file input.cif (mmCIF, C-alpha atoms and all ligand atoms)
data_start
#
loop_
_atom_site.label_atom_id
_atom_site.label_comp_id
_atom_site.auth_asym_id
_atom_site.auth_seq_id
_atom_site.Cartn_x
_atom_site.Cartn_y
_atom_site.Cartn_z
CA MET A 1036 -2.04 -1.61 -19.83
CA GLN A 1037 -4.46 -3.49 -17.59
CA ASN A 1038 -3.40 -7.06 -18.39
CA ALA A 1039 0.28 -7.26 -17.62
CA ASN A 1040 2.79 -6.39 -14.96
CA LEU A 1041 3.68 -2.77 -15.51
CA ILE A 1042 5.53 0.16 -13.99
CA TYR A 1043 4.14 3.45 -15.30
CA CYS A 1044 6.24 6.53 -14.66
CA GLY A 1045 4.10 9.65 -14.54
CA ASP A 1046 1.22 11.30 -12.76
CA CYS A 1047 -1.19 8.50 -11.88
CA LEU A 1048 -4.09 10.70 -13.02
CA GLU A 1049 -2.81 10.45 -16.60
CA GLY A 1050 -2.02 6.74 -16.28
CA LEU A 1051 -5.41 5.92 -14.81
CA LYS A 1052 -7.27 7.83 -17.53
CA LYS A 1053 -5.73 5.48 -20.12
CA MET A 1054 -7.25 2.44 -18.44
CA PRO A 1055 -10.67 0.91 -19.10
CA GLY A 1056 -13.14 0.65 -16.25
CA ASP A 1057 -13.68 -2.36 -13.98
CA CYS A 1058 -10.33 -4.07 -14.58
CA ILE A 1059 -8.48 -4.08 -11.23
CA ASP A 1060 -9.13 -6.39 -8.27
CA LEU A 1061 -7.35 -4.51 -5.51
CA ILE A 1062 -5.94 -0.99 -5.19
CA TYR A 1063 -3.66 0.09 -2.36
CA ILE A 1064 -2.33 3.64 -2.22
CA ASP A 1065 0.13 5.33 0.09
CA PRO A 1066 0.06 8.84 -1.37
CA PRO A 1067 1.30 12.07 0.20
CA PHE A 1068 -0.37 12.50 3.61
CA ASN A 1069 -0.63 16.32 3.61
CA SER A 1070 2.22 16.34 6.14
CA ASN A 1071 3.70 19.64 4.89
CA ARG A 1072 7.14 18.03 4.57
CA GLU A 1073 9.68 17.13 1.99
CA HIS A 1074 10.45 13.44 2.53
CA ARG A 1075 14.07 12.57 1.96
CA ALA A 1076 16.01 9.45 2.85
CA LYS A 1077 18.16 10.92 5.62
CA GLY A 1078 21.91 10.64 5.25
CA SER A 1079 21.61 8.03 2.55
CA ARG A 1080 23.59 7.78 -0.65
CA GLU A 1081 20.28 7.87 -2.42
CA ALA A 1082 19.23 11.42 -1.53
CA LYS A 1083 17.69 11.66 -5.00
CA HIS A 1084 14.93 9.50 -3.55
CA SER A 1085 12.64 12.15 -2.19
CA PHE A 1086 9.13 13.46 -2.61
CA VAL A 1087 7.37 16.63 -1.64
CA ASP A 1088 4.22 16.41 0.49
CA LYS A 1089 3.17 20.05 0.67
CA PHE A 1090 -0.21 21.55 -0.15
CA GLU A 1091 -1.51 25.02 0.52
CA ASN A 1092 -4.18 23.72 2.87
CA ILE A 1093 -6.42 20.69 3.40
CA ASN A 1094 -8.77 21.76 0.61
CA ALA A 1095 -5.90 21.86 -1.86
CA TYR A 1096 -4.90 18.35 -0.76
CA LEU A 1097 -8.44 17.03 -1.20
CA ASP A 1098 -8.76 18.78 -4.57
CA TYR A 1099 -5.55 17.02 -5.62
CA MET A 1100 -6.68 13.59 -4.48
CA ARG A 1101 -10.35 13.73 -5.59
CA PRO A 1102 -9.89 13.32 -9.39
CA ARG A 1103 -7.34 10.54 -8.84
CA LEU A 1104 -9.70 8.72 -6.48
CA ILE A 1105 -12.55 9.03 -8.98
CA GLU A 1106 -10.35 7.33 -11.58
CA MET A 1107 -9.27 4.61 -9.14
CA HIS A 1108 -12.88 3.92 -8.27
CA ARG A 1109 -13.70 3.69 -11.99
CA VAL A 1110 -10.97 1.15 -12.81
CA LEU A 1111 -11.79 -1.09 -9.82
CA LYS A 1112 -13.90 -4.17 -10.56
CA PRO A 1113 -17.29 -4.41 -8.82
CA THR A 1114 -15.79 -7.21 -6.70
CA GLY A 1115 -12.72 -5.12 -5.91
CA SER A 1116 -11.40 -3.48 -2.77
CA PHE A 1117 -9.56 -0.27 -2.08
CA PHE A 1118 -7.04 0.58 0.67
CA TYR A 1119 -6.01 4.20 1.37
CA HIS A 1120 -2.98 4.52 3.65
CA CYS A 1121 -2.98 7.82 5.55
CA ASP A 1122 -2.42 9.27 9.02
CA TRP A 1123 -3.79 11.88 11.43
CA HIS A 1124 -2.99 14.75 9.07
CA ALA A 1125 -5.95 13.96 6.79
CA SER A 1126 -7.49 10.57 7.61
CA HIS A 1127 -10.71 12.17 8.90
CA TYR A 1128 -11.11 14.30 5.76
CA ILE A 1129 -10.25 11.38 3.46
CA LYS A 1130 -12.84 9.21 5.13
CA VAL A 1131 -15.55 11.81 4.55
CA LEU A 1132 -14.42 12.14 0.93
CA LEU A 1133 -14.45 8.37 0.32
CA ASP A 1134 -17.85 8.09 2.00
CA THR A 1135 -19.48 10.30 -0.65
CA PRO A 1136 -21.82 8.40 -3.00
CA ASP A 1137 -19.87 9.35 -6.16
CA LEU A 1138 -16.84 7.60 -4.63
CA PHE A 1139 -17.16 4.48 -2.47
CA GLY A 1140 -20.05 5.50 -0.25
CA TYR A 1141 -20.55 5.17 3.49
CA ASP A 1142 -22.06 1.69 3.22
CA ASN A 1143 -19.00 0.30 1.46
CA PHE A 1144 -16.63 1.30 4.23
CA GLN A 1145 -15.25 -1.95 5.69
CA ASN A 1146 -12.44 -1.17 8.14
CA GLU A 1147 -10.07 1.40 9.45
CA ILE A 1148 -6.95 -0.72 9.84
CA VAL A 1149 -4.61 0.72 12.44
CA TRP A 1150 -0.99 -0.03 11.71
CA CYS A 1151 0.96 0.38 14.97
CA TYR A 1152 4.73 0.66 14.93
CA LYS A 1153 7.68 1.68 17.04
CA SER A 1154 9.92 4.45 15.77
CA GLY A 1155 12.46 6.83 17.22
CA GLY A 1156 11.40 10.18 18.65
CA ALA A 1157 8.51 11.15 20.85
CA SER A 1158 5.87 13.78 20.26
CA PRO A 1159 6.86 17.03 21.90
CA GLY A 1160 4.68 18.70 24.49
CA LYS A 1161 1.41 17.65 25.98
CA ARG A 1162 0.23 14.70 23.96
CA PHE A 1163 0.83 10.99 23.41
CA SER A 1164 3.40 9.83 20.87
CA ARG A 1165 1.86 9.40 17.44
CA LYS A 1166 2.81 5.87 16.46
CA HIS A 1167 0.17 4.60 14.10
CA ASP A 1168 -1.12 5.07 10.57
CA SER A 1169 -4.65 4.39 9.31
CA ILE A 1170 -5.51 2.32 6.28
CA LEU A 1171 -9.08 2.96 5.15
CA PHE A 1172 -10.53 -0.13 3.53
CA TYR A 1173 -13.53 0.21 1.19
CA SER A 1174 -15.17 -2.18 -1.24
CA LYS A 1175 -16.60 -0.99 -4.54
CA THR A 1176 -19.85 -2.90 -3.93
CA PRO A 1177 -21.16 -5.21 -1.19
CA ALA A 1178 -20.20 -8.18 -3.43
CA TYR A 1179 -16.47 -7.83 -2.84
CA ARG A 1180 -13.91 -10.58 -2.35
CA PHE A 1181 -12.43 -11.07 1.07
CA ASN A 1182 -10.30 -13.89 2.38
CA ARG A 1183 -10.64 -14.05 6.12
CA LEU A 1184 -7.20 -14.16 7.73
CA ARG A 1185 -6.66 -15.64 11.15
CA GLU A 1186 -4.26 -14.80 13.97
CA LYS A 1187 -3.17 -16.33 17.25
CA SER A 1188 -5.04 -15.43 20.41
CA TYR A 1189 -3.23 -16.62 23.53
CA ASN A 1190 -5.40 -18.12 26.24
CA ARG A 1191 -5.56 -16.44 29.61
CA ASP A 1192 -2.39 -17.40 31.54
CA HIS A 1193 -1.33 -19.15 28.31
CA LYS A 1194 -2.86 -22.38 29.62
CA ALA A 1195 -5.01 -24.92 27.78
CA TYR A 1196 -8.80 -24.31 27.92
CA LYS A 1197 -9.80 -27.80 26.78
CA PHE A 1198 -13.29 -26.53 25.80
CA LYS A 1199 -15.33 -28.94 23.74
CA GLY A 1200 -15.13 -28.16 20.02
CA VAL A 1201 -12.40 -25.50 20.41
CA GLU A 1202 -9.20 -26.28 18.58
CA GLU A 1203 -6.15 -25.24 20.58
CA PHE A 1204 -2.50 -25.00 19.61
CA ARG A 1205 0.71 -24.55 21.51
CA ASP A 1206 4.00 -22.77 20.82
CA GLU A 1207 6.91 -21.56 22.96
CA GLU A 1208 4.67 -18.84 24.51
CA GLY A 1209 1.87 -21.20 25.48
CA TRP A 1210 -1.63 -22.26 24.37
CA TYR A 1211 -3.65 -20.31 21.86
CA THR A 1212 -6.64 -20.49 19.53
CA LEU A 1213 -6.88 -19.05 16.02
CA VAL A 1214 -9.32 -16.15 15.68
CA GLY A 1215 -10.37 -13.80 12.89
CA MET A 1216 -7.72 -11.13 12.40
CA LYS A 1217 -8.44 -7.85 14.18
CA ASP A 1218 -8.20 -4.41 12.63
CA TYR A 1219 -5.08 -3.26 14.48
CA TRP A 1220 -1.78 -4.62 13.31
CA GLU A 1221 1.59 -4.41 15.03
CA ILE A 1222 4.19 -4.66 12.30
CA SER A 1223 7.73 -3.28 12.52
CA MET A 1224 8.63 -0.30 10.38
CA VAL A 1225 11.37 -0.59 7.79
CA GLY A 1226 14.17 0.48 10.16
CA ARG A 1227 17.72 1.54 9.43
CA THR A 1228 19.02 -1.99 9.80
CA SER A 1229 16.13 -3.74 8.09
CA ARG A 1230 17.14 -6.07 5.26
CA GLU A 1231 14.35 -4.84 3.02
CA ARG A 1232 15.33 -1.18 3.38
CA LEU A 1233 15.96 0.58 0.08
CA ASP A 1234 16.51 4.08 1.47
CA TYR A 1235 13.28 5.26 -0.12
CA PRO A 1236 11.50 7.71 2.19
CA ALA A 1237 8.28 6.40 3.74
CA GLN A 1238 8.96 2.87 2.46
CA LYS A 1239 6.33 0.53 3.93
CA PRO A 1240 7.04 -3.00 5.21
CA GLN A 1241 6.40 -5.72 2.66
CA SER A 1242 4.64 -7.87 5.27
CA LEU A 1243 1.98 -5.13 5.68
CA LEU A 1244 1.26 -5.29 1.95
CA GLU A 1245 1.31 -9.08 1.92
CA ARG A 1246 -1.42 -9.08 4.54
CA ILE A 1247 -3.61 -6.64 2.61
CA ILE A 1248 -3.12 -8.45 -0.70
CA SER A 1249 -3.75 -11.88 0.84
CA ALA A 1250 -7.04 -10.69 2.34
CA GLY A 1251 -8.30 -8.70 -0.63
CA SER A 1252 -7.30 -10.74 -3.68
CA ASN A 1253 -6.63 -14.21 -5.03
CA LYS A 1254 -3.82 -15.72 -7.10
CA GLY A 1255 -3.83 -14.32 -10.64
CA ASP A 1256 -5.76 -11.18 -9.64
CA MET A 1257 -4.60 -7.71 -10.68
CA VAL A 1258 -3.26 -5.48 -7.91
CA MET A 1259 -2.50 -1.80 -8.40
CA ASP A 1260 -0.59 0.84 -6.46
CA ALA A 1261 -0.92 4.27 -8.05
CA PHE A 1262 1.71 5.87 -5.74
CA CYS A 1263 4.07 2.91 -5.63
CA GLY A 1264 7.30 4.51 -4.38
CA CYS A 1265 10.03 1.86 -4.31
CA GLY A 1266 7.61 -0.91 -5.31
CA THR A 1267 6.65 -2.52 -2.00
CA THR A 1268 3.14 -3.40 -3.22
CA LEU A 1269 4.51 -4.76 -6.48
CA ALA A 1270 7.03 -6.98 -4.69
CA ALA A 1271 4.33 -8.31 -2.35
CA ALA A 1272 1.99 -8.98 -5.29
CA GLN A 1273 4.72 -10.74 -7.26
CA LYS A 1274 5.58 -12.91 -4.25
CA LEU A 1275 1.91 -13.87 -3.84
CA ASP A 1276 1.39 -14.72 -7.54
CA ARG A 1277 -0.77 -11.70 -8.35
CA LYS A 1278 -0.39 -9.51 -11.43
CA TRP A 1279 0.47 -5.90 -10.71
CA ILE A 1280 0.56 -2.32 -11.95
CA GLY A 1281 2.61 0.35 -10.19
CA MET A 1282 2.60 4.06 -10.97
CA ASP A 1283 4.81 6.82 -9.62
CA ILE A 1284 5.55 10.34 -10.73
CA SER A 1285 9.20 10.03 -9.68
CA PRO A 1286 11.58 8.43 -12.21
CA ALA A 1287 13.94 7.49 -9.35
CA ALA A 1288 11.12 5.62 -7.60
CA CYS A 1289 10.15 3.78 -10.79
CA GLU A 1290 13.76 2.82 -11.44
CA LEU A 1291 14.15 1.55 -7.90
CA SER A 1292 10.94 -0.49 -8.22
CA ALA A 1293 12.13 -2.06 -11.47
CA VAL A 1294 15.52 -2.95 -10.05
CA ARG A 1295 13.91 -4.32 -6.87
CA LEU A 1296 11.63 -6.63 -8.87
CA GLN A 1297 14.44 -7.79 -11.09
CA ASP A 1298 16.86 -8.41 -8.23
CA THR A 1299 14.38 -10.05 -5.87
CA PHE A 1300 12.51 -12.27 -8.29
CA GLY A 1301 14.85 -12.69 -11.25
CA ILE A 1302 12.21 -11.27 -13.60
CA LYS A 1303 13.17 -8.92 -16.38
CA ALA A 1304 11.84 -5.60 -17.65
CA GLY A 1305 10.67 -6.16 -21.22
CA GLN A 1306 9.92 -9.80 -20.54
CA GLU A 1307 7.96 -10.49 -17.36
CA PHE A 1308 7.07 -6.82 -16.88
CA SER A 1309 7.21 -3.55 -18.78
CA VAL A 1310 8.22 -0.03 -17.86
CA LYS A 1311 6.49 2.92 -19.49
CA GLY A 1312 7.43 6.58 -19.45
CA LEU A 1313 11.02 6.25 -18.33
CA THR A 1314 14.14 6.98 -20.35
CA ARG A 1315 16.90 4.42 -20.43
CA ARG A 1316 18.14 3.10 -17.10
CA GLY A 1317 20.10 0.06 -16.08
CA TRP A 1318 17.70 -2.56 -17.39
CA GLY A 1319 18.01 -1.94 -21.14
CA LYS A 1320 16.71 0.48 -23.70
CA SER A 1321 14.56 -1.98 -25.61
CA ASN A 1322 12.24 -2.34 -22.66
CA VAL A 1323 11.36 1.31 -22.40
CA VAL A 1324 8.38 2.73 -24.25
C1 LIG B 1401 4.77 7.56 0.60
S1 LIG B 1401 5.45 7.34 -0.97
C2 LIG B 1401 5.01 5.68 -1.35
C3 LIG B 1401 5.90 4.69 -0.68
C4 LIG B 1401 5.56 3.24 -1.02
N1 LIG B 1401 4.38 2.80 -0.37
C5 LIG B 1401 6.72 2.33 -0.67
O1 LIG B 1401 6.59 1.42 0.15
O2 LIG B 1401 7.79 2.55 -1.24
C6 LIG B 1401 4.41 8.32 -1.99
C7 LIG B 1401 4.78 8.30 -3.45
O3 LIG B 1401 3.80 9.00 -4.21
C8 LIG B 1401 4.45 9.51 -5.36
N2 LIG B 1401 3.55 10.48 -5.99
C9 LIG B 1401 3.21 11.72 -5.56
N3 LIG B 1401 2.31 12.27 -6.41
C10 LIG B 1401 2.06 11.36 -7.39
C11 LIG B 1401 1.21 11.33 -8.52
N4 LIG B 1401 0.42 12.36 -8.84
N5 LIG B 1401 1.20 10.23 -9.31
C12 LIG B 1401 1.98 9.15 -8.99
N6 LIG B 1401 2.82 9.12 -7.93
C13 LIG B 1401 2.85 10.22 -7.13
C14 LIG B 1401 5.77 10.04 -4.82
O4 LIG B 1401 6.75 10.18 -5.84
C15 LIG B 1401 6.11 8.96 -3.78
O5 LIG B 1401 6.97 7.99 -4.33
#

call {"tool": "encode", "arguments": {"input": "input.cif", "output": "structure tokens"}}
result
Amino acid sequence: MQNANLIYCGDCLEGLKKMPGDCIDLIYIDPPFNSNREHRAKGSREAKHSFVDKFENINAYLDYMRPRLIEMHRVLKPTGSFFYHCDWHASHYIKVLLDTPDLFGYDNFQNEIVWCYKSGGASPGKRFSRKHDSILFYSKTPAYRFNRLREKSYNRDHKAYKFKGVEEFRDEEGWYTLVGMKDYWEISMVGRTSRERLDYPAQKPQSLLERIISAGSNKGDMVMDAFCGCGTTLAAAQKLDRKWIGMDISPAACELSAVRLQDTFGIKAGQEFSVKGLTRRGWGKSNVV
């Protein structure tokens, strides 16, 4: 299961247990956040695309995630990195959990990436609008791979500095230098009119995943998303020439992922990737195990 592009339909705990240790280069997960909601694509034709994010309390949520995280840590290579997408509901508890020595450990925490976005609706009452998620980035060991990404930093007043030894560039906004990418990212959500929208609830923007995969892996590496939803991580990995494994407990999500990969990249289930644990859908019976 660990060598080829694969969509596994089922509880990721079961899927992960079938894998050998130390075989994955990068894991990103965007699991339930403990938001006490049922997520449903509002008003869409595809109302079957939904998932329940309800736990009795925070301890029940952590008890649910812990064994899955232990397996993810086990399958990650010593050079690998791990990204946990969460928000204010549980990010503080998840960080404490991931900091424990039997998981990643405090010293292997690398960043809390803050993904800032605009979305409709404001928080009611006496507080600021909640418009960011956190992505907790850990390495398995200190010897992890990381490709430093760079971003534009506009000069004060957008004018040229002309400092010796500083390379400057210019675009329609003005003069800038290139600096190491910071840990807060402004990336648009997948909005109602977005071209990449698949009406899957909580779908994440592909550009967010492209950034994570570009920083944390190289061409040919194996990327895994154990809660892959409509396959955003898989599409980003395919685009960037990585191998990939996606898991999701929802057959509708796995079907959507498979169709997305086929339609976007012209690759076929049963040839360039396989689908396990799903009964026959549009891509052909012979490909289903
Ligand atoms: C927030 S969504 C992921 C969205 C995804 N990042 C995307 O861009 O489409 C969370 C997903 O976790 C899945 N899920 C929940 N529990 C799971 C489990 N135990 N094993 C695998 N998938 C699970 C849900 O079906 C849902 O698709």

call {"tool": "closest_residue", "arguments": {"input": "input.cif", "among": "A:Asp1206, A:Glu1290, A:Asp1065, A:Glu1245", "to": "ligand LIG 1401 (chain B)", "atoms": "all atoms listed in the file"}}
result
A:Asp1065

call {"tool": "residues_around", "arguments": {"input": "input.cif", "residues": "Ala1178 (chain A)", "least_positions_apart": "4", "cutoff": "12 Å", "atoms": "all atoms listed in the file", "output": "PyMOL selection string"}}
result
chain A and resi 1112-1116+1143+1173-1174

call {"tool": "closest_atom_pairs", "arguments": {"input": "input.cif", "of": "chain A", "to": "ligand LIG 1401 (chain B)", "cutoff": "8 Å", "atoms": "all atoms listed in the file", "output": "CSV"}}
result
residue,atom,partner,partner_atom,distance
A:Cys1044,CA,B:LIG1401,C12,7.6
A:Gly1045,CA,B:LIG1401,C12,6.0
A:Asp1046,CA,B:LIG1401,N5,3.6
A:Cys1047,CA,B:LIG1401,N5,3.9
A:Leu1048,CA,B:LIG1401,N4,6.4
A:Ile1064,CA,B:LIG1401,N1,7.0
A:Asp1065,CA,B:LIG1401,N1,5.0
A:Pro1066,CA,B:LIG1401,C6,4.4
A:Pro1067,CA,B:LIG1401,C6,5.3
A:Phe1068,CA,B:LIG1401,C1,7.7
A:Ser1085,CA,B:LIG1401,O4,7.2
A:Phe1086,CA,B:LIG1401,O4,5.2
A:Val1087,CA,B:LIG1401,C14,7.5
A:Asp1088,CA,B:LIG1401,C9,7.7
A:Arg1103,CA,B:LIG1401,N4,8.0
A:Tyr1235,CA,B:LIG1401,O2,6.2
A:Pro1236,CA,B:LIG1401,S1,6.8
A:Ala1237,CA,B:LIG1401,C1,4.9
A:Gln1238,CA,B:LIG1401,O1,3.6
A:Lys1239,CA,B:LIG1401,O1,3.9
A:Pro1240,CA,B:LIG1401,O1,6.7
A:Gln1241,CA,B:LIG1401,O1,7.6
A:Ala1261,CA,B:LIG1401,C12,5.8
A:Phe1262,CA,B:LIG1401,O3,4.1
A:Cys1263,CA,B:LIG1401,C4,4.9
A:Gly1264,CA,B:LIG1401,O5,3.5
A:Cys1265,CA,B:LIG1401,O2,3.9
A:Gly1266,CA,B:LIG1401,O2,5.3
A:Thr1267,CA,B:LIG1401,O1,4.5
A:Thr1268,CA,B:LIG1401,O1,6.8
A:Met1282,CA,B:LIG1401,C12,5.5
A:Asp1283,CA,B:LIG1401,N6,3.5
A:Ile1284,CA,B:LIG1401,N6,4.1
A:Ser1285,CA,B:LIG1401,O4,4.6
A:Ala1288,CA,B:LIG1401,O5,5.8

call {"tool": "closest_atom_pairs", "arguments": {"input": "input.cif", "of": "region 1046-1115 of chain A", "to": "region 1251-1259 of chain A", "cutoff": "6 Å", "atoms": "all atoms listed in the file", "output": "JSON lines"}}
result
{"residue": "A:Ile1059", "atom": "CA", "partner": "A:Met1257", "partner_atom": "CA", "distance": 5.3}
{"residue": "A:Asp1060", "atom": "CA", "partner": "A:Met1257", "partner_atom": "CA", "distance": 5.3}
{"residue": "A:Leu1061", "atom": "CA", "partner": "A:Val1258", "partner_atom": "CA", "distance": 4.8}
{"residue": "A:Ile1062", "atom": "CA", "partner": "A:Met1259", "partner_atom": "CA", "distance": 4.8}

call {"tool": "write_last_selection", "arguments": {"input": "input.cif", "atoms": "C-alpha atoms", "output": "short mmCIF file (atom, residue, chain, number, x, y, z; two decimals), in the frame of the given file"}}
result
data_model
loop_
_atom_site.label_atom_id
_atom_site.label_comp_id
_atom_site.auth_asym_id
_atom_site.auth_seq_id
_atom_site.Cartn_x
_atom_site.Cartn_y
_atom_site.Cartn_z
CA ILE A 1059 -8.48 -4.08 -11.23
CA ASP A 1060 -9.13 -6.39 -8.27
CA LEU A 1061 -7.35 -4.51 -5.51
CA ILE A 1062 -5.94 -0.99 -5.19
#

call {"tool": "residues_around", "arguments": {"input": "input.cif", "residues": "region 1220-1233 of chain A", "least_positions_apart": "2", "cutoff": "10 Å", "atoms": "all atoms listed in the file", "output": "NGL selection string"}}
result
:A and (1076 or 1079 or 1081 or 1084 or 1148-1155 or 1167 or 1216-1218 or 1235-1243 or 1246 or 1265 or 1267 or 1291-1292 or 1295)

call {"tool": "atom_distance", "arguments": {"input": "input.cif", "atom1": "CA of His1120 (chain A)", "atom2": "CA of Lys1278 (chain A)"}}
result
20.8 Å

call {"tool": "residues_around", "arguments": {"input": "input.cif", "residues": "Gln1145 (chain A)", "least_positions_apart": "2", "cutoff": "12 Å", "atoms": "only C-alpha atoms", "output": "PDB file with C-alpha atoms, keeping the file's coordinate frame"}}
result
ATOM      1  CA  SER A1116     -11.400  -3.480  -2.770  1.00  0.00           C
ATOM      2  CA  PHE A1117      -9.560  -0.270  -2.080  1.00  0.00           C
ATOM      3  CA  PHE A1118      -7.040   0.580   0.670  1.00  0.00           C
ATOM      4  CA  TYR A1119      -6.010   4.200   1.370  1.00  0.00           C
ATOM      5  CA  LYS A1130     -12.840   9.210   5.130  1.00  0.00           C
ATOM      6  CA  LEU A1133     -14.450   8.370   0.320  1.00  0.00           C
ATOM      7  CA  ASP A1134     -17.850   8.090   2.000  1.00  0.00           C
ATOM      8  CA  PHE A1139     -17.160   4.480  -2.470  1.00  0.00           C
ATOM      9  CA  GLY A1140     -20.050   5.500  -0.250  1.00  0.00           C
ATOM     10  CA  TYR A1141     -20.550   5.170   3.490  1.00  0.00           C
ATOM     11  CA  ASP A1142     -22.060   1.690   3.220  1.00  0.00           C
ATOM     12  CA  ASN A1143     -19.000   0.300   1.460  1.00  0.00           C
ATOM     13  CA  GLU A1147     -10.070   1.400   9.450  1.00  0.00           C
ATOM     14  CA  ILE A1148      -6.950  -0.720   9.840  1.00  0.00           C
ATOM     15  CA  ILE A1170      -5.510   2.320   6.280  1.00  0.00           C
ATOM     16  CA  LEU A1171      -9.080   2.960   5.150  1.00  0.00           C
ATOM     17  CA  PHE A1172     -10.530  -0.130   3.530  1.00  0.00           C
ATOM     18  CA  TYR A1173     -13.530   0.210   1.190  1.00  0.00           C
ATOM     19  CA  SER A1174     -15.170  -2.180  -1.240  1.00  0.00           C
ATOM     20  CA  LYS A1175     -16.600  -0.990  -4.540  1.00  0.00           C
ATOM     21  CA  THR A1176     -19.850  -2.900  -3.930  1.00  0.00           C
ATOM     22  CA  PRO A1177     -21.160  -5.210  -1.190  1.00  0.00           C
ATOM     23  CA  TYR A1179     -16.470  -7.830  -2.840  1.00  0.00           C
ATOM     24  CA  ARG A1180     -13.910 -10.580  -2.350  1.00  0.00           C
ATOM     25  CA  PHE A1181     -12.430 -11.070   1.070  1.00  0.00           C
ATOM     26  CA  ASP A1218      -8.200  -4.410  12.630  1.00  0.00           C
ATOM     27  CA  GLY A1251      -8.300  -8.700  -0.630  1.00  0.00           C
TER      28      GLY A1251
END

call {"tool": "atom_distance", "arguments": {"input": "input.cif", "atom1": "CA of Leu1104 (chain A)", "atom2": "CA of Asp1057 (chain A)"}}
result
14.0 Å

call {"tool": "residues_around", "arguments": {"input": "input.cif", "residues": "region 1208-1212 of chain A", "least_positions_apart": "5", "cutoff": "10 Å", "atoms": "all atoms listed in the file", "output": "list in words"}}
result
Arg1185, Glu1186, Lys1187, Ser1188, Tyr1189, Asn1190, Arg1191, Asp1192, His1193, Lys1194, Ala1195, Tyr1196, Val1201, Glu1202 and Glu1203 of chain A

call {"tool": "atom_distance", "arguments": {"input": "input.cif", "atom1": "CA of Asp1260 (chain A)", "atom2": "CA of Gly1281 (chain A)"}}
result
4.9 Å
